[in-house]
>>> print(open('work_4.txt').read())   # compact mmCIF, C-alpha atoms and all ligand atoms
# COMPACT_ATOMS: atom_id res chain seq x y z
CA ARG A 864 174.78 70.53 133.25
CA MET A 865 176.39 67.17 134.08
CA SER A 866 179.79 66.57 132.50
CA SER A 867 180.03 63.40 130.46
CA LEU A 868 181.98 61.28 132.94
CA PRO A 869 179.49 61.47 135.85
CA ARG A 870 176.75 60.98 133.31
CA VAL A 871 178.32 57.74 132.11
CA ALA A 872 178.74 56.68 135.74
CA ALA A 873 175.05 57.43 136.45
CA CYS A 874 174.00 55.41 133.42
CA LEU A 875 176.18 52.52 134.49
CA ALA A 876 174.77 52.59 138.00
CA ALA A 877 171.22 52.59 136.62
CA ALA A 878 172.03 49.66 134.34
CA LEU A 879 173.58 47.71 137.21
CA THR A 880 170.55 48.34 139.42
CA LEU A 881 168.26 47.06 136.66
CA THR A 882 170.36 43.92 136.24
CA ALA A 883 170.41 43.32 139.98
CA THR A 884 166.63 43.51 140.38
CA ALA A 885 166.05 41.40 137.27
CA THR A 886 168.22 38.51 138.41
CA ALA A 887 167.13 37.51 141.89
CA ALA A 888 167.54 33.97 143.18
CA PRO A 889 164.61 31.70 142.28
CA ARG A 890 162.09 31.58 145.14
CA THR A 891 161.87 28.48 147.30
CA LEU A 892 158.56 26.76 148.06
CA ALA A 893 158.66 28.25 151.58
CA GLN A 894 159.10 31.76 150.17
CA ILE A 895 156.27 31.24 147.70
CA GLN A 896 153.98 29.98 150.46
CA ALA A 897 154.87 32.94 152.66
CA ALA A 898 154.04 35.31 149.80
CA GLY A 899 150.84 33.42 148.97
CA THR A 900 151.37 33.95 145.25
CA LEU A 901 152.68 31.56 142.60
CA ARG A 902 154.20 33.29 139.59
CA LEU A 903 153.71 31.28 136.39
CA ALA A 904 155.10 32.26 133.01
CA THR A 905 153.80 31.38 129.58
CA GLU A 906 153.82 32.69 126.02
CA GLY A 907 150.22 33.52 125.15
CA ALA A 908 150.36 32.70 121.41
CA PHE A 909 150.07 28.89 121.38
CA PRO A 910 146.39 27.99 121.10
CA PRO A 911 144.70 26.13 122.69
CA PHE A 912 147.43 25.65 125.33
CA ASN A 913 148.16 29.28 126.17
CA PHE A 914 146.66 32.17 124.19
CA TYR A 915 144.47 35.25 124.26
CA GLN A 916 140.72 35.36 123.71
CA GLN A 917 139.88 39.05 123.51
CA LYS A 918 141.97 40.43 126.38
CA ALA A 919 141.96 37.29 128.50
CA LEU A 920 144.81 34.80 128.82
CA VAL A 921 143.17 31.38 128.42
CA GLY A 922 143.92 27.78 127.44
CA PHE A 923 144.60 24.29 128.68
CA GLU A 924 147.84 25.27 130.43
CA VAL A 925 146.29 28.39 131.92
CA ASP A 926 143.42 26.36 133.39
CA LEU A 927 145.84 23.70 134.61
CA GLY A 928 148.21 26.28 136.13
CA ASN A 929 145.31 27.99 137.89
CA ALA A 930 144.12 24.60 139.20
CA LEU A 931 147.63 23.86 140.51
CA GLY A 932 147.70 27.19 142.32
CA LYS A 933 144.25 26.66 143.78
CA ALA A 934 145.14 23.18 145.07
CA LEU A 935 148.27 24.63 146.68
CA ASN A 936 146.29 27.50 148.22
CA LEU A 937 148.24 30.03 146.21
CA LYS A 938 147.04 32.93 144.12
CA VAL A 939 148.40 32.56 140.57
CA GLU A 940 150.02 35.52 138.87
CA TRP A 941 150.69 35.00 135.13
CA VAL A 942 153.72 36.49 133.42
CA VAL A 943 153.50 36.54 129.62
CA GLN A 944 156.59 36.87 127.45
CA PRO A 945 158.06 35.58 124.17
CA PHE A 946 158.68 31.83 124.04
CA ASP A 947 162.42 31.85 123.38
CA GLY A 948 163.25 33.64 126.65
CA LEU A 949 160.96 31.68 128.96
CA LEU A 950 163.43 29.15 130.37
CA ILE A 951 166.18 31.75 130.83
CA GLY A 952 163.92 33.86 133.07
CA LEU A 953 163.39 30.88 135.40
CA ASN A 954 166.96 30.77 136.65
CA GLN A 955 166.91 34.57 136.97
CA GLY A 956 164.03 34.27 139.43
CA ARG A 957 161.64 36.32 137.29
CA TYR A 958 158.88 33.78 138.02
CA ASP A 959 158.56 30.43 139.79
CA ALA A 960 157.57 28.05 137.00
CA VAL A 961 156.96 27.97 133.25
CA MET A 962 153.97 26.31 131.58
CA ALA A 963 154.40 26.75 127.84
CA SER A 964 154.31 23.33 126.20
CA HIS A 965 158.04 22.72 126.37
CA ALA A 966 159.14 19.30 125.22
CA ILE A 967 161.44 17.57 127.69
CA THR A 968 164.81 17.46 125.89
CA PRO A 969 168.33 16.60 127.13
CA GLU A 970 169.47 20.06 126.03
CA ARG A 971 166.87 21.88 128.14
CA GLN A 972 167.43 19.51 131.06
CA LYS A 973 170.90 21.01 131.41
CA ALA A 974 169.33 24.43 132.06
CA VAL A 975 166.13 23.77 134.04
CA ASP A 976 164.32 21.06 136.00
CA PHE A 977 161.20 19.73 134.30
CA LEU A 978 158.01 18.75 136.08
CA ASN A 979 156.33 15.49 135.10
CA PRO A 980 154.72 15.93 131.67
CA HIS A 981 151.21 17.37 131.69
CA TYR A 982 150.54 16.04 128.18
CA CYS A 983 152.06 14.23 125.20
CA SER A 984 151.84 15.40 121.60
CA THR A 985 153.30 15.07 118.14
CA VAL A 986 155.17 17.60 116.03
CA ASN A 987 154.04 17.56 112.40
CA ILE A 988 154.83 18.90 108.96
CA VAL A 989 152.02 21.10 107.64
CA ALA A 990 151.52 22.43 104.12
CA LYS A 991 148.95 23.68 101.64
CA LYS A 992 147.17 20.97 99.67
CA GLY A 993 149.69 19.78 97.06
CA GLY A 994 152.60 21.08 99.17
CA PRO A 995 155.33 19.13 101.03
CA LEU A 996 153.70 17.03 103.76
CA THR A 997 156.55 14.58 104.45
CA ARG A 998 160.25 14.71 105.26
CA ALA A 999 161.04 13.40 101.79
CA ALA A 1000 158.88 16.06 100.14
CA LEU A 1001 160.77 18.81 102.02
CA ALA A 1002 163.84 18.35 99.81
CA GLY A 1003 164.64 21.78 98.37
CA LYS A 1004 161.69 23.32 100.24
CA THR A 1005 161.59 25.79 103.12
CA VAL A 1006 159.84 25.16 106.41
CA GLY A 1007 158.84 27.79 108.96
CA THR A 1008 158.76 27.17 112.69
CA GLN A 1009 158.80 29.09 115.96
CA ILE A 1010 162.16 30.33 117.27
CA GLY A 1011 163.49 28.46 120.30
CA THR A 1012 161.54 25.26 119.69
CA ALA A 1013 162.65 21.65 120.02
CA GLN A 1014 161.79 20.86 116.39
CA ILE A 1015 164.42 23.20 114.90
CA PRO A 1016 167.35 20.71 115.05
CA ILE A 1017 165.03 17.91 113.88
CA LEU A 1018 163.99 19.95 110.85
CA GLN A 1019 167.57 21.00 110.10
CA ALA A 1020 168.58 17.33 110.02
CA ILE A 1021 166.11 16.48 107.24
CA PRO A 1022 168.22 15.49 104.20
CA ASN A 1023 168.33 18.16 101.46
CA ILE A 1024 165.87 20.46 103.22
CA GLY A 1025 165.84 23.85 101.47
CA GLY A 1026 165.93 25.85 104.70
CA VAL A 1027 164.48 26.31 108.16
CA LYS A 1028 163.08 29.81 108.76
CA THR A 1029 162.25 30.87 112.31
CA PHE A 1030 159.39 33.15 113.35
CA PRO A 1031 158.50 34.73 116.71
CA ASN A 1032 155.35 32.61 117.11
CA ASP A 1033 153.09 30.12 115.30
CA PRO A 1034 150.47 32.64 114.09
CA ALA A 1035 153.32 34.36 112.20
CA VAL A 1036 154.34 31.04 110.60
CA LEU A 1037 150.77 30.35 109.49
CA THR A 1038 150.63 33.78 107.86
CA ALA A 1039 153.94 33.08 106.10
CA LEU A 1040 152.64 29.72 104.86
CA GLN A 1041 149.46 31.31 103.52
CA SER A 1042 151.37 34.00 101.64
CA GLY A 1043 153.92 31.52 100.25
CA ARG A 1044 156.95 32.88 102.12
CA VAL A 1045 157.53 29.31 103.35
CA ASP A 1046 156.52 26.01 101.71
CA ALA A 1047 155.68 24.27 104.98
CA TRP A 1048 155.08 24.83 108.70
CA SER A 1049 156.09 22.67 111.63
CA SER A 1050 154.47 22.76 115.05
CA ASN A 1051 152.64 20.61 117.56
CA GLY A 1052 149.69 18.76 116.01
CA PRO A 1053 147.00 19.98 118.43
CA VAL A 1054 148.07 23.61 117.93
CA VAL A 1055 147.95 23.35 114.15
CA ALA A 1056 144.58 21.57 114.25
CA TYR A 1057 143.13 24.25 116.52
CA MET A 1058 144.50 27.17 114.48
CA LEU A 1059 143.33 25.71 111.15
CA LYS A 1060 139.85 25.13 112.55
CA GLN A 1061 139.75 28.58 114.11
CA THR A 1062 140.69 30.23 110.81
CA GLY A 1063 138.56 27.86 108.67
CA GLN A 1064 141.44 26.47 106.67
CA GLN A 1065 141.25 22.71 107.33
CA LYS A 1066 140.34 22.20 103.66
CA ASN A 1067 143.31 23.95 102.05
CA ILE A 1068 146.04 23.39 104.64
CA LEU A 1069 146.80 19.81 105.70
CA ILE A 1070 148.58 18.18 108.64
CA GLY A 1071 151.24 15.74 107.41
CA GLU A 1072 153.96 13.49 108.73
CA THR A 1073 154.89 13.32 112.42
CA ILE A 1074 158.55 14.27 112.92
CA SER A 1075 158.68 13.82 116.69
CA ASN A 1076 156.74 12.68 119.72
CA GLU A 1077 157.02 14.96 122.70
CA ARG A 1078 156.44 14.79 126.42
CA ASN A 1079 155.37 18.33 127.22
CA ALA A 1080 156.06 19.65 130.69
CA GLY A 1081 156.33 22.64 132.94
CA ALA A 1082 159.68 23.61 134.41
CA VAL A 1083 161.21 25.22 137.49
CA ALA A 1084 164.68 26.64 138.06
CA ARG A 1085 167.56 24.19 138.36
CA ASN A 1086 167.59 22.46 141.79
CA ASN A 1087 164.39 24.15 143.00
CA THR A 1088 163.63 20.74 144.51
CA ALA A 1089 160.86 21.44 147.02
CA LEU A 1090 158.85 23.52 144.54
CA ARG A 1091 159.24 20.86 141.88
CA ALA A 1092 158.09 18.13 144.29
CA ALA A 1093 155.05 20.15 145.40
CA LEU A 1094 154.01 20.86 141.81
CA ASN A 1095 154.50 17.22 140.77
CA THR A 1096 152.48 15.92 143.72
CA THR A 1097 149.70 18.39 143.02
CA LEU A 1098 149.69 17.62 139.29
CA ALA A 1099 149.36 13.90 140.11
CA ARG A 1100 146.45 14.71 142.39
CA LEU A 1101 144.66 16.71 139.68
CA MET A 1102 145.28 13.83 137.26
CA ASN A 1103 143.63 11.43 139.70
CA ASP A 1104 140.69 13.44 141.02
CA GLY A 1105 139.06 14.29 137.67
CA THR A 1106 140.21 17.93 137.53
CA TYR A 1107 142.74 17.27 134.77
CA LEU A 1108 140.29 15.19 132.74
CA LYS A 1109 137.66 17.93 132.89
CA ILE A 1110 140.10 20.59 131.65
CA SER A 1111 141.44 18.29 128.92
CA GLN A 1112 137.92 17.41 127.74
CA GLN A 1113 137.00 21.07 127.67
CA TRP A 1114 139.83 22.04 125.30
CA PHE A 1115 140.35 18.86 123.28
CA GLY A 1116 137.29 16.69 123.72
CA GLN A 1117 139.66 13.98 124.93
CA ASP A 1118 142.25 13.09 127.55
CA ILE A 1119 145.66 14.25 126.29
CA ARG A 1120 147.79 12.95 129.16
CA CYS A 1121 150.79 10.76 128.23
CA LYS A 1122 149.70 7.16 127.89
N1 LIG A 1201 156.72 21.80 121.86
C1 LIG A 1201 157.61 22.70 121.20
C2 LIG A 1201 158.89 22.84 122.00
O1 LIG A 1201 159.02 22.25 123.00
C3 LIG A 1201 156.98 24.05 120.98
C4 LIG A 1201 156.49 24.71 122.21
C5 LIG A 1201 156.03 26.13 121.93
N2 LIG A 1201 155.34 26.69 123.03
C6 LIG A 1201 154.75 27.90 123.00
N3 LIG A 1201 154.13 28.31 124.06
N4 LIG A 1201 154.81 28.62 121.90
O2 LIG A 1201 159.78 23.53 121.63
>>> encode(input="work_4.txt", output="structure tokens")
Amino acid sequence: RMSSLPRVAACLAAALTLTATATAAPRTLAQIQAAGTLRLATEGAFPPFNFYQQKALVGFEVDLGNALGKALNLKVEWVVQPFDGLLIGLNQGRYDAVMASHAITPERQKAVDFLNPHYCSTVNIVAKKGGPLTRAALAGKTVGTQIGTAQIPILQAIPNIGGVKTFPNDPAVLTALQSGRVDAWSSNGPVVAYMLKQTGQQKNILIGETISNERNAGAVARNNTALRAALNTTLARLMNDGTYLKISQQWFGQDIRCK
């Protein structure tokens, strides 16, 4: 039987190996082209942008990501993981780009390089009928929102707000709102609208005040310049040749690109 010291050493070696494989350098465009596969990461719980229908990953960003890959002659491989770790994995080379409705913010720009926005949207306050639907009405009330999102500091800055509770994803916040564990919910307007319609609750849960206007974009690792340029050029092409419009119409019945 192994004595404890070699055992510790073996564990350490295993841990180091794991770390080493998990943090490779982000792939360059040339490496991606040589491999023939583009690795895109998303969350999978943000309908209708990225979510699951039965067992299939679907949504506006999934269609758009697949269209980007197709136009670049690359096979797209989707990596799905919780939202709050998505940007960190980019610089660790776990995947090539992220498409998960991130708002372009100065804070995030220090960590990653954003693509041009693939849509614009609002962030809203949401509550049951009779509940707090404005910033002013949130005094002394609690609001739930997804962990890692851009709206957290905005919500925390609302005067006299009772508290900001974070949840792993938006479906969990909706459940908390329904059961009264939070007084309000904050998320992107199109996501709330879709989820309320999907669950038949547009009558009892209402979309209130806009607390921010976002430019939502994909991202690549810091200084992954050639990949970023190729994705931006291709996105512009899809926005000009009708591909983007078709996908946008399909999910929203309208063109959601930034005006
Ligand atoms: N737009 C918000 C942000 O930038 C929320 C994005 C959440 N995305 C997701 N796939 N759950 O933080």
>>> residues_near_ligand(input="work_4.txt", ligand="ligand LIG 1201 (chain A)", cutoff="9 Å", atoms="all atoms listed in the file", output="ChimeraX atom specification")
/A:905-910,912-914,945-947,962-968,984-986,1009-1015,1031-1033,1050-1051,1077-1080
>>> closest_residue(input="work_4.txt", among="A:Val961, A:Val989, A:Gln1019, A:Ala898", to="A:Gln1064", atoms="all atoms listed in the file")
A:Val989
>>> atom_distance(input="work_4.txt", atom1="atom CA of A:Leu903", atom2="atom CA of A:Gln1061")
26.4 Å
>>> atom_distance(input="work_4.txt", atom1="atom CA of A:Asn987", atom2="atom CA of A:Ser1075")
7.3 Å
>>> closest_residue(input="work_4.txt", among="A:Ala1020, A:Gly1007, A:Lys992, A:Leu901", to="A:Ala934", atoms="all atoms listed in the file")
A:Leu901
>>> residues_near_point(input="work_4.txt", point="(162.8, 23.0, 147.1)", cutoff="9 Å", atoms="only C-alpha atoms", output="list of chain:residue names")
A:Arg890, A:Thr891, A:Leu892, A:Ala893, A:Asn1086, A:Asn1087, A:Thr1088, A:Ala1089, A:Leu1090, A:Arg1091, A:Ala1092, A:Ala1093
>>> closest_residue(input="work_4.txt", among="A:Leu1098, A:Ala1056, A:Cys983, A:Ile1070", to="A:Asp1118", atoms="all atoms listed in the file")
A:Cys983
>>> closest_residue(input="work_4.txt", among="A:Leu1094, A:Ala1000, A:Val1083, A:Ile988", to="A:Gly1071", atoms="all atoms listed in the file")
A:Ile988
>>> atom_distance(input="work_4.txt", atom1="atom CA of A:Ala1099", atom2="atom CA of A:Arg1120")
11.1 Å
>>> closest_residue(input="work_4.txt", among="A:Ala960, A:Leu1069, A:Met1102, A:Val943", to="A:Tyr915", atoms="all atoms listed in the file")
A:Val943
>>> residues_around(input="work_4.txt", residues="A:Gly1025", least_positions_apart="3", cutoff="10 Å", atoms="only C-alpha atoms", output="JSON, numbers by chain")
{"A": [1001, 1002, 1003, 1004, 1005, 1006, 1019, 1021, 1022, 1028, 1046]}
>>> closest_residue(input="work_4.txt", among="A:Val975, A:Leu953, A:Leu1040, A:Ile1024", to="A:Gly994", atoms="only C-alpha atoms")
A:Leu1040
>>> residues_around(input="work_4.txt", residues="stretch 925-932 of chain A", least_positions_apart="2", cutoff="7 Å", atoms="only C-alpha atoms", output="list of chain:residue names")
A:Leu901, A:Asn913, A:Val921, A:Gly922, A:Phe923, A:Ala934, A:Leu935, A:Asn936, A:Leu937, A:Lys938, A:Val939, A:Thr1097, A:Leu1098, A:Ile1110
